[in-house]
Amino acid sequence: MTRPCVVQKYGGSSVADVAQIRAVAERVVETRRSGMDVVVVVSAMGNTTNELLALASEISPTPGRRELDLLISVGERVSMTLLAMAIQELGEPAQSFTGSQSGIITDTQHVSAAVVEVRPHRIRRALDEGQIVIVAGFQGVSRTGEVTTLGRGGSDTTAVVLTAALGAEYCEICSDVDGVYTADPRVVEGAKRLEEIPLDAALAMSRAGSKVLLADALEQAAAHGVTLSSGSTCKPSGSGTRLPPGPVPEAVVGVASDAALWLVEPVSALDQFQGAIRAQLSDGRLLVDGRNLPDPSTWTVPASPVATISAIGRSVVSNPETTQHAVNAVRALVPNAVCWAFGDTWTAMVDRERAAEVEAAVHDALC
Ligand code: ADP
Ligand code: ASP
Ligand code: MG
């Protein structure tokens, strides 16, 4: 008889050192001993990916993307093997697999590859043999045999696509917070934990910059009907925020901020910002997403650091009173803030140094 299967994903802050890896191993073994098959997707330890990227940029300001992918995929190999060893120490059989060994097939877009197919034959075989399976998150292999990575935070995507491909019962994204809050709990003191948030609302929060769940993973969960939750590594399995399929509600569900943005003077050579331009203001300045671009000091135009603060909910776009409330909260602090609305998301742009106080003010006004 086959056992029900769960996929658990542990982020970098949950496996930052040996003591934490041991604690994760215990949580995994507990789940296994409750009678489930367990597939664990693991991120690189702590700040490893940033450290690997920093090493590369010491060697070259523009490192080749193929080599970069081989380099940064190493972080997850370290954590997956250590976790497998820690589980074995607890007396349970465990095997770790790279993205390529796990059958995560991607396109050829190095550094931001998309998963095109998942063929988890080796994982199934290992589960049938009674193994706990550990998979390196964030990485795959192209049809030409090249190692690829899925973009920053991509282990969430690995977990969701594996859940779908294995037909697992559910996918648990385990992190250093105990679920999805109405705003980043590290920035907004009054942020409230949500028992449940519809997938589309979590997706809008993520697209607006909320870090706790990756937008790509949420899109995949919606597309494949994956049962998803977001919880704490330090709390029991099943206690996290549930993410059932569903649309963005009428009431405001939360506030998110994106602090990786730059306002760039009007420029004719747009090539350097290819794929990163988010908006153009009426005075011609461009709002650019700096996440996947070279360091701003290398750009040929002056750029100032800005952040967007967004509120998610149908009413903040469609109900003029709610919109006015949001505008007032922002303009009381930043009188010249530029505001706009798109879909179910209302957004204000401010200087980056004002982001935290504006996020708190919008949250207090609407949540
Ligand atoms: P991991 O390393 O486990 O992938 P992340 O750093 O990607 O974890 O995401 C967890 C972080 O997301 C939290 O530490 C928290 O500060 C931040 N965060 C931002 N917005 C929210 C939110 N609305 N709810 C919960 N956490 C949030
Ligand atoms: N280690 C990768 C990153 O830091 C992937 C992940 O954590 O999901 O972006
Ligand atoms: Mg993450």
# chains A, B, ... in the order shown; residues from 1 in each chain; ligands from 1
call {"tool": "residues_near_ligand", "arguments": {"ligand": "ligand 1", "cutoff": "10 Å", "atoms": "only C-alpha atoms and all ligand atoms", "output": "PyMOL selection string"}}
result
chain A and resi 9-16+42-47+152-156+173-188+191-194+202+205-206+208-214+230-233+241+253-258
call {"tool": "select_by_dssp", "arguments": {"residues": "region 4-252 of chain A", "states": "strand (DSSP E or B)", "output": "PyMOL selection string"}}
result
chain A and resi 5-10+37-42+94-97+104-106+115-118+132-136+139-142+147-149+170-175+181+193+196+228-232+241-242
call {"tool": "closest_residue", "arguments": {"among": "A:Glu58, A:Glu359, A:Asp37, A:Asp69", "to": "Asp128 (chain A)", "atoms": "only C-alpha atoms"}}
result
A:Asp37
call {"tool": "closest_residue", "arguments": {"among": "A:Val78, A:Ala159, A:Leu166, A:Ala259", "to": "ligand 3", "atoms": "only C-alpha atoms and all ligand atoms"}}
result
A:Ala159
call {"tool": "closest_residue", "arguments": {"among": "A:Trp340, A:Phe138, A:Phe97, A:Phe273", "to": "Thr308 (chain A)", "atoms": "only C-alpha atoms"}}
result
A:Trp340
call {"tool": "closest_residue", "arguments": {"among": "A:Ser100, A:Leu286, A:Cys5, A:Pro244", "to": "Val306 (chain A)", "atoms": "only C-alpha atoms"}}
result
A:Leu286
call {"tool": "residues_around", "arguments": {"residues": "Thr158 (chain A)", "least_positions_apart": "5", "cutoff": "8 Å", "atoms": "only C-alpha atoms", "output": "list in words"}}
result
Val41, Ile104, Gly137, Phe138, Gln139 and Ala217 of chain A
call {"tool": "residues_around", "arguments": {"residues": "region 347-353 of chain A", "least_positions_apart": "3", "cutoff": "6 Å", "atoms": "only C-alpha atoms", "output": "number ranges by chain"}}
result
A: 305-310, 337-341
call {"tool": "write_last_selection", "arguments": {"atoms": "C-alpha atoms", "output": "PDB file, in the first residue's frame"}}
result
ATOM      1  CA  PRO A 305      16.580  54.417  -4.714  1.00  0.00           C
ATOM      2  CA  VAL A 306      12.803  54.215  -4.319  1.00  0.00           C
ATOM      3  CA  ALA A 307      10.278  51.749  -2.923  1.00  0.00           C
ATOM      4  CA  THR A 308       6.666  50.965  -3.697  1.00  0.00           C
ATOM      5  CA  ILE A 309       4.094  50.348  -0.990  1.00  0.00           C
ATOM      6  CA  SER A 310       1.049  48.420  -2.194  1.00  0.00           C
ATOM      7  CA  ALA A 337       4.103  60.584  -3.603  1.00  0.00           C
ATOM      8  CA  VAL A 338       3.068  59.186  -7.000  1.00  0.00           C
ATOM      9  CA  CYS A 339       0.141  56.705  -6.674  1.00  0.00           C
ATOM     10  CA  TRP A 340      -1.506  54.329  -9.135  1.00  0.00           C
ATOM     11  CA  ALA A 341      -3.726  51.246  -9.271  1.00  0.00           C
TER      12      ALA A 341
END
call {"tool": "select_by_dssp", "arguments": {"residues": "region 86-296 of chain A", "states": "helix (DSSP H, G or I)", "output": "PDB file with N, CA, C and O atoms, in the first residue's frame"}}
result
ATOM      1  N   ALA A  86      22.137  14.233   8.504  1.00  0.00           N
ATOM      2  CA  ALA A  86      21.524  14.469   9.824  1.00  0.00           C
ATOM      3  C   ALA A  86      20.321  13.536  10.036  1.00  0.00           C
ATOM      4  O   ALA A  86      20.099  13.037  11.144  1.00  0.00           O
ATOM      5  N   ILE A  87      19.580  13.285   8.960  1.00  0.00           N
ATOM      6  CA  ILE A  87      18.423  12.380   9.068  1.00  0.00           C
ATOM      7  C   ILE A  87      18.902  10.949   9.298  1.00  0.00           C
ATOM      8  O   ILE A  87      18.363  10.215  10.138  1.00  0.00           O
ATOM      9  N   GLN A  88      19.950  10.558   8.572  1.00  0.00           N
ATOM     10  CA  GLN A  88      20.515   9.207   8.772  1.00  0.00           C
ATOM     11  C   GLN A  88      20.975   9.036  10.220  1.00  0.00           C
ATOM     12  O   GLN A  88      20.807   7.979  10.811  1.00  0.00           O
ATOM     13  N   GLU A  89      21.556  10.087  10.780  1.00  0.00           N
ATOM     14  CA  GLU A  89      22.012  10.022  12.185  1.00  0.00           C
ATOM     15  C   GLU A  89      20.852   9.743  13.139  1.00  0.00           C
ATOM     16  O   GLU A  89      21.045   9.205  14.228  1.00  0.00           O
ATOM     17  N   HIS A 121      11.293  10.298 -11.605  1.00  0.00           N
ATOM     18  CA  HIS A 121      11.394   8.823 -11.519  1.00  0.00           C
ATOM     19  C   HIS A 121      12.282   8.387 -10.366  1.00  0.00           C
ATOM     20  O   HIS A 121      11.945   7.466  -9.626  1.00  0.00           O
ATOM     21  N   ARG A 122      13.428   9.035 -10.241  1.00  0.00           N
ATOM     22  CA  ARG A 122      14.372   8.602  -9.190  1.00  0.00           C
ATOM     23  C   ARG A 122      13.798   8.876  -7.801  1.00  0.00           C
ATOM     24  O   ARG A 122      14.016   8.091  -6.874  1.00  0.00           O
ATOM     25  N   ILE A 123      13.077   9.985  -7.681  1.00  0.00           N
ATOM     26  CA  ILE A 123      12.464  10.296  -6.385  1.00  0.00           C
ATOM     27  C   ILE A 123      11.432   9.221  -6.038  1.00  0.00           C
ATOM     28  O   ILE A 123      11.398   8.700  -4.921  1.00  0.00           O
ATOM     29  N   ARG A 124      10.606   8.853  -7.017  1.00  0.00           N
ATOM     30  CA  ARG A 124       9.574   7.820  -6.770  1.00  0.00           C
ATOM     31  C   ARG A 124      10.228   6.516  -6.337  1.00  0.00           C
ATOM     32  O   ARG A 124       9.780   5.864  -5.398  1.00  0.00           O
ATOM     33  N   ARG A 125      11.308   6.164  -7.045  1.00  0.00           N
ATOM     34  CA  ARG A 125      11.990   4.902  -6.726  1.00  0.00           C
ATOM     35  C   ARG A 125      12.516   4.932  -5.294  1.00  0.00           C
ATOM     36  O   ARG A 125      12.350   3.984  -4.535  1.00  0.00           O
ATOM     37  N   ALA A 126      13.130   6.044  -4.935  1.00  0.00           N
ATOM     38  CA  ALA A 126      13.692   6.166  -3.581  1.00  0.00           C
ATOM     39  C   ALA A 126      12.581   6.100  -2.532  1.00  0.00           C
ATOM     40  O   ALA A 126      12.728   5.453  -1.489  1.00  0.00           O
ATOM     41  N   LEU A 127      11.454   6.754  -2.815  1.00  0.00           N
ATOM     42  CA  LEU A 127      10.326   6.699  -1.866  1.00  0.00           C
ATOM     43  C   LEU A 127       9.829   5.260  -1.730  1.00  0.00           C
ATOM     44  O   LEU A 127       9.557   4.785  -0.620  1.00  0.00           O
ATOM     45  N   ASP A 128       9.731   4.564  -2.871  1.00  0.00           N
ATOM     46  CA  ASP A 128       9.275   3.161  -2.834  1.00  0.00           C
ATOM     47  C   ASP A 128      10.205   2.297  -1.999  1.00  0.00           C
ATOM     48  O   ASP A 128       9.788   1.320  -1.379  1.00  0.00           O
ATOM     49  N   SER A 155      13.557  28.024  -4.676  1.00  0.00           N
ATOM     50  CA  SER A 155      13.259  26.737  -4.031  1.00  0.00           C
ATOM     51  C   SER A 155      11.754  26.568  -3.784  1.00  0.00           C
ATOM     52  O   SER A 155      11.251  25.437  -3.764  1.00  0.00           O
ATOM     53  N   ASP A 156      11.040  27.676  -3.592  1.00  0.00           N
ATOM     54  CA  ASP A 156       9.580  27.578  -3.427  1.00  0.00           C
ATOM     55  C   ASP A 156       8.977  26.923  -4.679  1.00  0.00           C
ATOM     56  O   ASP A 156       8.080  26.077  -4.588  1.00  0.00           O
ATOM     57  N   THR A 157       9.478  27.341  -5.846  1.00  0.00           N
ATOM     58  CA  THR A 157       8.961  26.784  -7.102  1.00  0.00           C
ATOM     59  C   THR A 157       9.280  25.299  -7.199  1.00  0.00           C
ATOM     60  O   THR A 157       8.425  24.485  -7.586  1.00  0.00           O
ATOM     61  N   THR A 158      10.522  24.924  -6.836  1.00  0.00           N
ATOM     62  CA  THR A 158      10.890  23.506  -6.870  1.00  0.00           C
ATOM     63  C   THR A 158       9.887  22.688  -6.052  1.00  0.00           C
ATOM     64  O   THR A 158       9.406  21.633  -6.493  1.00  0.00           O
ATOM     65  N   ALA A 159       9.564  23.179  -4.850  1.00  0.00           N
ATOM     66  CA  ALA A 159       8.674  22.431  -3.962  1.00  0.00           C
ATOM     67  C   ALA A 159       7.284  22.277  -4.581  1.00  0.00           C
ATOM     68  O   ALA A 159       6.696  21.185  -4.564  1.00  0.00           O
ATOM     69  N   VAL A 160       6.776  23.351  -5.162  1.00  0.00           N
ATOM     70  CA  VAL A 160       5.408  23.298  -5.706  1.00  0.00           C
ATOM     71  C   VAL A 160       5.345  22.393  -6.948  1.00  0.00           C
ATOM     72  O   VAL A 160       4.437  21.559  -7.067  1.00  0.00           O
ATOM     73  N   VAL A 161       6.313  22.520  -7.855  1.00  0.00           N
ATOM     74  CA  VAL A 161       6.237  21.693  -9.073  1.00  0.00           C
ATOM     75  C   VAL A 161       6.447  20.218  -8.749  1.00  0.00           C
ATOM     76  O   VAL A 161       5.849  19.341  -9.383  1.00  0.00           O
ATOM     77  N   LEU A 162       7.250  19.929  -7.723  1.00  0.00           N
ATOM     78  CA  LEU A 162       7.421  18.520  -7.321  1.00  0.00           C
ATOM     79  C   LEU A 162       6.147  17.973  -6.690  1.00  0.00           C
ATOM     80  O   LEU A 162       5.777  16.814  -6.927  1.00  0.00           O
ATOM     81  N   THR A 163       5.486  18.790  -5.883  1.00  0.00           N
ATOM     82  CA  THR A 163       4.223  18.362  -5.273  1.00  0.00           C
ATOM     83  C   THR A 163       3.235  17.957  -6.370  1.00  0.00           C
ATOM     84  O   THR A 163       2.581  16.908  -6.291  1.00  0.00           O
ATOM     85  N   ALA A 164       3.163  18.802  -7.416  1.00  0.00           N
ATOM     86  CA  ALA A 164       2.237  18.518  -8.513  1.00  0.00           C
ATOM     87  C   ALA A 164       2.653  17.241  -9.247  1.00  0.00           C
ATOM     88  O   ALA A 164       1.833  16.346  -9.483  1.00  0.00           O
ATOM     89  N   ALA A 165       3.941  17.131  -9.569  1.00  0.00           N
ATOM     90  CA  ALA A 165       4.398  15.992 -10.377  1.00  0.00           C
ATOM     91  C   ALA A 165       4.263  14.671  -9.619  1.00  0.00           C
ATOM     92  O   ALA A 165       4.005  13.627 -10.219  1.00  0.00           O
ATOM     93  N   LEU A 166       4.453  14.711  -8.314  1.00  0.00           N
ATOM     94  CA  LEU A 166       4.365  13.477  -7.510  1.00  0.00           C
ATOM     95  C   LEU A 166       2.925  13.164  -7.116  1.00  0.00           C
ATOM     96  O   LEU A 166       2.641  12.093  -6.579  1.00  0.00           O
ATOM     97  N   LEU A 199      -5.166  32.083  -2.823  1.00  0.00           N
ATOM     98  CA  LEU A 199      -3.940  32.063  -3.645  1.00  0.00           C
ATOM     99  C   LEU A 199      -3.743  33.343  -4.449  1.00  0.00           C
ATOM    100  O   LEU A 199      -2.636  33.891  -4.484  1.00  0.00           O
ATOM    101  N   ASP A 200      -4.824  33.839  -5.067  1.00  0.00           N
ATOM    102  CA  ASP A 200      -4.664  35.029  -5.923  1.00  0.00           C
ATOM    103  C   ASP A 200      -4.234  36.243  -5.094  1.00  0.00           C
ATOM    104  O   ASP A 200      -3.505  37.107  -5.575  1.00  0.00           O
ATOM    105  N   ALA A 201      -4.707  36.306  -3.839  1.00  0.00           N
ATOM    106  CA  ALA A 201      -4.336  37.441  -2.987  1.00  0.00           C
ATOM    107  C   ALA A 201      -2.868  37.325  -2.571  1.00  0.00           C
ATOM    108  O   ALA A 201      -2.128  38.314  -2.567  1.00  0.00           O
ATOM    109  N   ALA A 202      -2.435  36.107  -2.234  1.00  0.00           N
ATOM    110  CA  ALA A 202      -1.022  35.903  -1.881  1.00  0.00           C
ATOM    111  C   ALA A 202      -0.143  36.210  -3.089  1.00  0.00           C
ATOM    112  O   ALA A 202       0.949  36.780  -2.949  1.00  0.00           O
ATOM    113  N   LEU A 203      -0.627  35.867  -4.272  1.00  0.00           N
ATOM    114  CA  LEU A 203       0.132  36.139  -5.501  1.00  0.00           C
ATOM    115  C   LEU A 203       0.273  37.652  -5.707  1.00  0.00           C
ATOM    116  O   LEU A 203       1.369  38.151  -6.007  1.00  0.00           O
ATOM    117  N   ALA A 204      -0.817  38.392  -5.490  1.00  0.00           N
ATOM    118  CA  ALA A 204      -0.752  39.853  -5.645  1.00  0.00           C
ATOM    119  C   ALA A 204       0.202  40.449  -4.599  1.00  0.00           C
ATOM    120  O   ALA A 204       0.975  41.360  -4.899  1.00  0.00           O
ATOM    121  N   MET A 205       0.181  39.912  -3.362  1.00  0.00           N
ATOM    122  CA  MET A 205       1.109  40.391  -2.319  1.00  0.00           C
ATOM    123  C   MET A 205       2.549  40.139  -2.759  1.00  0.00           C
ATOM    124  O   MET A 205       3.431  40.984  -2.615  1.00  0.00           O
ATOM    125  N   SER A 206       2.789  38.938  -3.285  1.00  0.00           N
ATOM    126  CA  SER A 206       4.135  38.563  -3.688  1.00  0.00           C
ATOM    127  C   SER A 206       4.616  39.434  -4.850  1.00  0.00           C
ATOM    128  O   SER A 206       5.745  39.934  -4.849  1.00  0.00           O
ATOM    129  N   ARG A 207       3.748  39.650  -5.824  1.00  0.00           N
ATOM    130  CA  ARG A 207       4.134  40.498  -6.968  1.00  0.00           C
ATOM    131  C   ARG A 207       4.423  41.922  -6.520  1.00  0.00           C
ATOM    132  O   ARG A 207       5.201  42.632  -7.144  1.00  0.00           O
ATOM    133  N   ALA A 215       6.239  34.498  -6.105  1.00  0.00           N
ATOM    134  CA  ALA A 215       5.096  34.609  -7.027  1.00  0.00           C
ATOM    135  C   ALA A 215       5.038  33.437  -8.008  1.00  0.00           C
ATOM    136  O   ALA A 215       3.973  32.853  -8.246  1.00  0.00           O
ATOM    137  N   ASP A 216       6.183  33.066  -8.545  1.00  0.00           N
ATOM    138  CA  ASP A 216       6.228  31.980  -9.521  1.00  0.00           C
ATOM    139  C   ASP A 216       5.666  30.681  -8.918  1.00  0.00           C
ATOM    140  O   ASP A 216       4.910  29.947  -9.567  1.00  0.00           O
ATOM    141  N   ALA A 217       6.014  30.428  -7.665  1.00  0.00           N
ATOM    142  CA  ALA A 217       5.536  29.209  -6.999  1.00  0.00           C
ATOM    143  C   ALA A 217       4.015  29.268  -6.795  1.00  0.00           C
ATOM    144  O   ALA A 217       3.311  28.263  -6.964  1.00  0.00           O
ATOM    145  N   LEU A 218       3.510  30.449  -6.464  1.00  0.00           N
ATOM    146  CA  LEU A 218       2.065  30.599  -6.257  1.00  0.00           C
ATOM    147  C   LEU A 218       1.316  30.409  -7.575  1.00  0.00           C
ATOM    148  O   LEU A 218       0.247  29.794  -7.616  1.00  0.00           O
ATOM    149  N   GLU A 219       1.904  30.913  -8.664  1.00  0.00           N
ATOM    150  CA  GLU A 219       1.284  30.712  -9.988  1.00  0.00           C
ATOM    151  C   GLU A 219       1.212  29.226 -10.322  1.00  0.00           C
ATOM    152  O   GLU A 219       0.204  28.720 -10.798  1.00  0.00           O
ATOM    153  N   GLN A 220       2.298  28.522 -10.030  1.00  0.00           N
ATOM    154  CA  GLN A 220       2.336  27.077 -10.318  1.00  0.00           C
ATOM    155  C   GLN A 220       1.334  26.330  -9.435  1.00  0.00           C
ATOM    156  O   GLN A 220       0.686  25.380  -9.872  1.00  0.00           O
ATOM    157  N   ALA A 221       1.195  26.768  -8.183  1.00  0.00           N
ATOM    158  CA  ALA A 221       0.253  26.117  -7.269  1.00  0.00           C
ATOM    159  C   ALA A 221      -1.172  26.288  -7.788  1.00  0.00           C
ATOM    160  O   ALA A 221      -1.975  25.347  -7.765  1.00  0.00           O
ATOM    161  N   ALA A 222      -1.479  27.494  -8.284  1.00  0.00           N
ATOM    162  CA  ALA A 222      -2.823  27.741  -8.815  1.00  0.00           C
ATOM    163  C   ALA A 222      -3.048  26.914 -10.084  1.00  0.00           C
ATOM    164  O   ALA A 222      -4.099  26.291 -10.268  1.00  0.00           O
ATOM    165  N   ALA A 223      -2.033  26.872 -10.943  1.00  0.00           N
ATOM    166  CA  ALA A 223      -2.173  26.159 -12.218  1.00  0.00           C
ATOM    167  C   ALA A 223      -2.364  24.663 -12.015  1.00  0.00           C
ATOM    168  O   ALA A 223      -3.101  24.009 -12.758  1.00  0.00           O
ATOM    169  N   HIS A 224      -1.694  24.087 -10.998  1.00  0.00           N
ATOM    170  CA  HIS A 224      -1.718  22.629 -10.820  1.00  0.00           C
ATOM    171  C   HIS A 224      -2.619  22.182  -9.678  1.00  0.00           C
ATOM    172  O   HIS A 224      -2.653  20.990  -9.354  1.00  0.00           O
ATOM    173  N   LEU A 270      17.951  52.186 -23.757  1.00  0.00           N
ATOM    174  CA  LEU A 270      17.157  51.389 -22.811  1.00  0.00           C
ATOM    175  C   LEU A 270      17.690  49.965 -22.639  1.00  0.00           C
ATOM    176  O   LEU A 270      17.283  49.260 -21.726  1.00  0.00           O
ATOM    177  N   ASP A 271      18.609  49.577 -23.534  1.00  0.00           N
ATOM    178  CA  ASP A 271      19.092  48.191 -23.544  1.00  0.00           C
ATOM    179  C   ASP A 271      19.554  47.694 -22.179  1.00  0.00           C
ATOM    180  O   ASP A 271      19.298  46.558 -21.792  1.00  0.00           O
ATOM    181  N   GLN A 272      20.252  48.590 -21.448  1.00  0.00           N
ATOM    182  CA  GLN A 272      20.826  48.163 -20.165  1.00  0.00           C
ATOM    183  C   GLN A 272      19.745  47.776 -19.149  1.00  0.00           C
ATOM    184  O   GLN A 272      20.034  47.132 -18.152  1.00  0.00           O
ATOM    185  N   PHE A 273      18.476  48.207 -19.405  1.00  0.00           N
ATOM    186  CA  PHE A 273      17.393  47.895 -18.464  1.00  0.00           C
ATOM    187  C   PHE A 273      16.403  46.874 -19.043  1.00  0.00           C
ATOM    188  O   PHE A 273      15.278  46.738 -18.549  1.00  0.00           O
ATOM    189  N   PRO A 296      23.922  49.217  -9.641  1.00  0.00           N
ATOM    190  CA  PRO A 296      23.531  50.539 -10.177  1.00  0.00           C
ATOM    191  C   PRO A 296      24.715  51.471 -10.415  1.00  0.00           C
ATOM    192  O   PRO A 296      24.632  52.364 -11.266  1.00  0.00           O
TER     193      PRO A 296
END
call {"tool": "closest_residue", "arguments": {"among": "A:Val38, A:Val301, A:Val6, A:Val74", "to": "Asn50 (chain A)", "atoms": "only C-alpha atoms"}}
result
A:Val74
call {"tool": "closest_residue", "arguments": {"among": "A:Arg66, A:Arg314, A:Arg285, A:Lys235", "to": "Glu250 (chain A)", "atoms": "only C-alpha atoms"}}
result
A:Arg314
call {"tool": "residues_around", "arguments": {"residues": "Gly103 (chain A)", "least_positions_apart": "2", "cutoff": "7 Å", "atoms": "only C-alpha atoms", "output": "PDB file with all heavy atoms, in the first residue's frame"}}
result
ATOM      1  N   GLY A  99      18.918  18.989  -8.538  1.00  0.00           N
ATOM      2  CA  GLY A  99      17.756  19.278  -9.382  1.00  0.00           C
ATOM      3  C   GLY A  99      17.758  18.391 -10.618  1.00  0.00           C
ATOM      4  O   GLY A  99      16.716  17.857 -11.019  1.00  0.00           O
ATOM      5  N   SER A 100      18.925  18.230 -11.206  1.00  0.00           N
ATOM      6  CA  SER A 100      19.038  17.407 -12.406  1.00  0.00           C
ATOM      7  C   SER A 100      18.679  15.948 -12.105  1.00  0.00           C
ATOM      8  O   SER A 100      17.896  15.310 -12.821  1.00  0.00           O
ATOM      9  CB  SER A 100      20.450  17.573 -12.949  1.00  0.00           C
ATOM     10  OG  SER A 100      20.893  16.430 -13.582  1.00  0.00           O
ATOM     11  N   GLN A 101      19.199  15.400 -11.006  1.00  0.00           N
ATOM     12  CA  GLN A 101      18.865  14.019 -10.632  1.00  0.00           C
ATOM     13  C   GLN A 101      17.378  13.861 -10.302  1.00  0.00           C
ATOM     14  O   GLN A 101      16.822  12.777 -10.439  1.00  0.00           O
ATOM     15  CB  GLN A 101      19.688  13.597  -9.398  1.00  0.00           C
ATOM     16  CG  GLN A 101      21.166  13.411  -9.676  1.00  0.00           C
ATOM     17  CD  GLN A 101      21.929  13.136  -8.389  1.00  0.00           C
ATOM     18  OE1 GLN A 101      21.730  13.805  -7.373  1.00  0.00           O
ATOM     19  NE2 GLN A 101      22.815  12.158  -8.423  1.00  0.00           N
ATOM     20  N   ILE A 105      13.290  19.607 -15.297  1.00  0.00           N
ATOM     21  CA  ILE A 105      13.760  20.036 -16.621  1.00  0.00           C
ATOM     22  C   ILE A 105      13.321  21.483 -16.858  1.00  0.00           C
ATOM     23  O   ILE A 105      12.143  21.824 -16.649  1.00  0.00           O
ATOM     24  CB  ILE A 105      13.151  19.150 -17.748  1.00  0.00           C
ATOM     25  CG1 ILE A 105      13.182  17.662 -17.378  1.00  0.00           C
ATOM     26  CG2 ILE A 105      13.836  19.431 -19.084  1.00  0.00           C
ATOM     27  CD1 ILE A 105      14.529  17.041 -17.285  1.00  0.00           C
ATOM     28  N   VAL A 118       8.642  18.015 -15.242  1.00  0.00           N
ATOM     29  CA  VAL A 118       9.242  17.364 -14.072  1.00  0.00           C
ATOM     30  C   VAL A 118       9.096  15.856 -14.264  1.00  0.00           C
ATOM     31  O   VAL A 118       7.991  15.356 -14.511  1.00  0.00           O
ATOM     32  CB  VAL A 118       8.537  17.794 -12.760  1.00  0.00           C
ATOM     33  CG1 VAL A 118       9.216  17.148 -11.564  1.00  0.00           C
ATOM     34  CG2 VAL A 118       8.559  19.304 -12.609  1.00  0.00           C
ATOM     35  N   ARG A 119      10.220  15.157 -14.187  1.00  0.00           N
ATOM     36  CA  ARG A 119      10.206  13.683 -14.346  1.00  0.00           C
ATOM     37  C   ARG A 119      10.824  13.055 -13.103  1.00  0.00           C
ATOM     38  O   ARG A 119      12.012  12.726 -13.086  1.00  0.00           O
ATOM     39  CB  ARG A 119      11.038  13.286 -15.564  1.00  0.00           C
ATOM     40  CG  ARG A 119      10.494  13.780 -16.864  1.00  0.00           C
ATOM     41  CD  ARG A 119      11.234  13.053 -17.992  1.00  0.00           C
ATOM     42  NE  ARG A 119      11.381  13.892 -19.158  1.00  0.00           N
ATOM     43  CZ  ARG A 119      12.477  13.958 -19.889  1.00  0.00           C
ATOM     44  NH1 ARG A 119      13.558  13.275 -19.559  1.00  0.00           N
ATOM     45  NH2 ARG A 119      12.516  14.724 -20.953  1.00  0.00           N
ATOM     46  N   PRO A 120      10.021  12.888 -12.053  1.00  0.00           N
ATOM     47  CA  PRO A 120      10.603  12.506 -10.759  1.00  0.00           C
ATOM     48  C   PRO A 120      10.777  10.995 -10.574  1.00  0.00           C
ATOM     49  O   PRO A 120      10.476  10.464  -9.505  1.00  0.00           O
ATOM     50  CB  PRO A 120       9.581  13.077  -9.763  1.00  0.00           C
ATOM     51  CG  PRO A 120       8.286  13.021 -10.498  1.00  0.00           C
ATOM     52  CD  PRO A 120       8.568  13.085 -11.955  1.00  0.00           C
TER      53      PRO A 120
END
call {"tool": "atom_distance", "arguments": {"atom1": "CA of Cys234 (chain A)", "atom2": "CA of Gln20 (chain A)"}}
result
9.8 Å
call {"tool": "residues_around", "arguments": {"residues": "Ala113 (chain A)", "least_positions_apart": "6", "cutoff": "7 Å", "atoms": "only C-alpha atoms", "output": "list in words"}}
result
Thr106, Asp107, Thr148, Thr149, Leu150 and Gly151 of chain A
call {"tool": "residues_around", "arguments": {"residues": "Pro266 (chain A)", "least_positions_apart": "4", "cutoff": "12 Å", "atoms": "only C-alpha atoms", "output": "JSON, numbers by chain"}}
result
{"A": [270, 277, 279, 280, 281, 282, 283, 284, 285, 286, 287, 288, 300, 301, 302, 303]}
call {"tool": "write_last_selection", "arguments": {"atoms": "C-alpha atoms", "output": "short mmCIF file (atom, residue, chain, number, x, y, z; two decimals), in the first residue's frame"}}
result
data_model
loop_
_atom_site.label_atom_id
_atom_site.label_comp_id
_atom_site.auth_asym_id
_atom_site.auth_seq_id
_atom_site.Cartn_x
_atom_site.Cartn_y
_atom_site.Cartn_z
CA LEU A 270 17.16 51.39 -22.81
CA ILE A 277 11.38 48.53 -16.68
CA ALA A 279 6.68 51.96 -15.38
CA GLN A 280 7.34 55.38 -16.87
CA LEU A 281 6.30 58.56 -15.05
CA SER A 282 4.72 61.51 -16.88
CA ASP A 283 8.06 63.39 -16.68
CA GLY A 284 9.75 60.53 -18.56
CA ARG A 285 11.60 58.98 -15.62
CA LEU A 286 11.63 55.18 -15.54
CA LEU A 287 10.84 52.88 -12.62
CA VAL A 288 13.38 50.06 -12.88
CA THR A 300 25.14 55.06 -17.51
CA VAL A 301 22.39 57.27 -15.98
CA PRO A 302 21.76 58.63 -12.47
CA ALA A 303 19.33 56.53 -10.46
#
call {"tool": "atom_distance", "arguments": {"atom1": "CA of Arg27 (chain A)", "atom2": "CA of Glu169 (chain A)"}}
result
17.8 Å
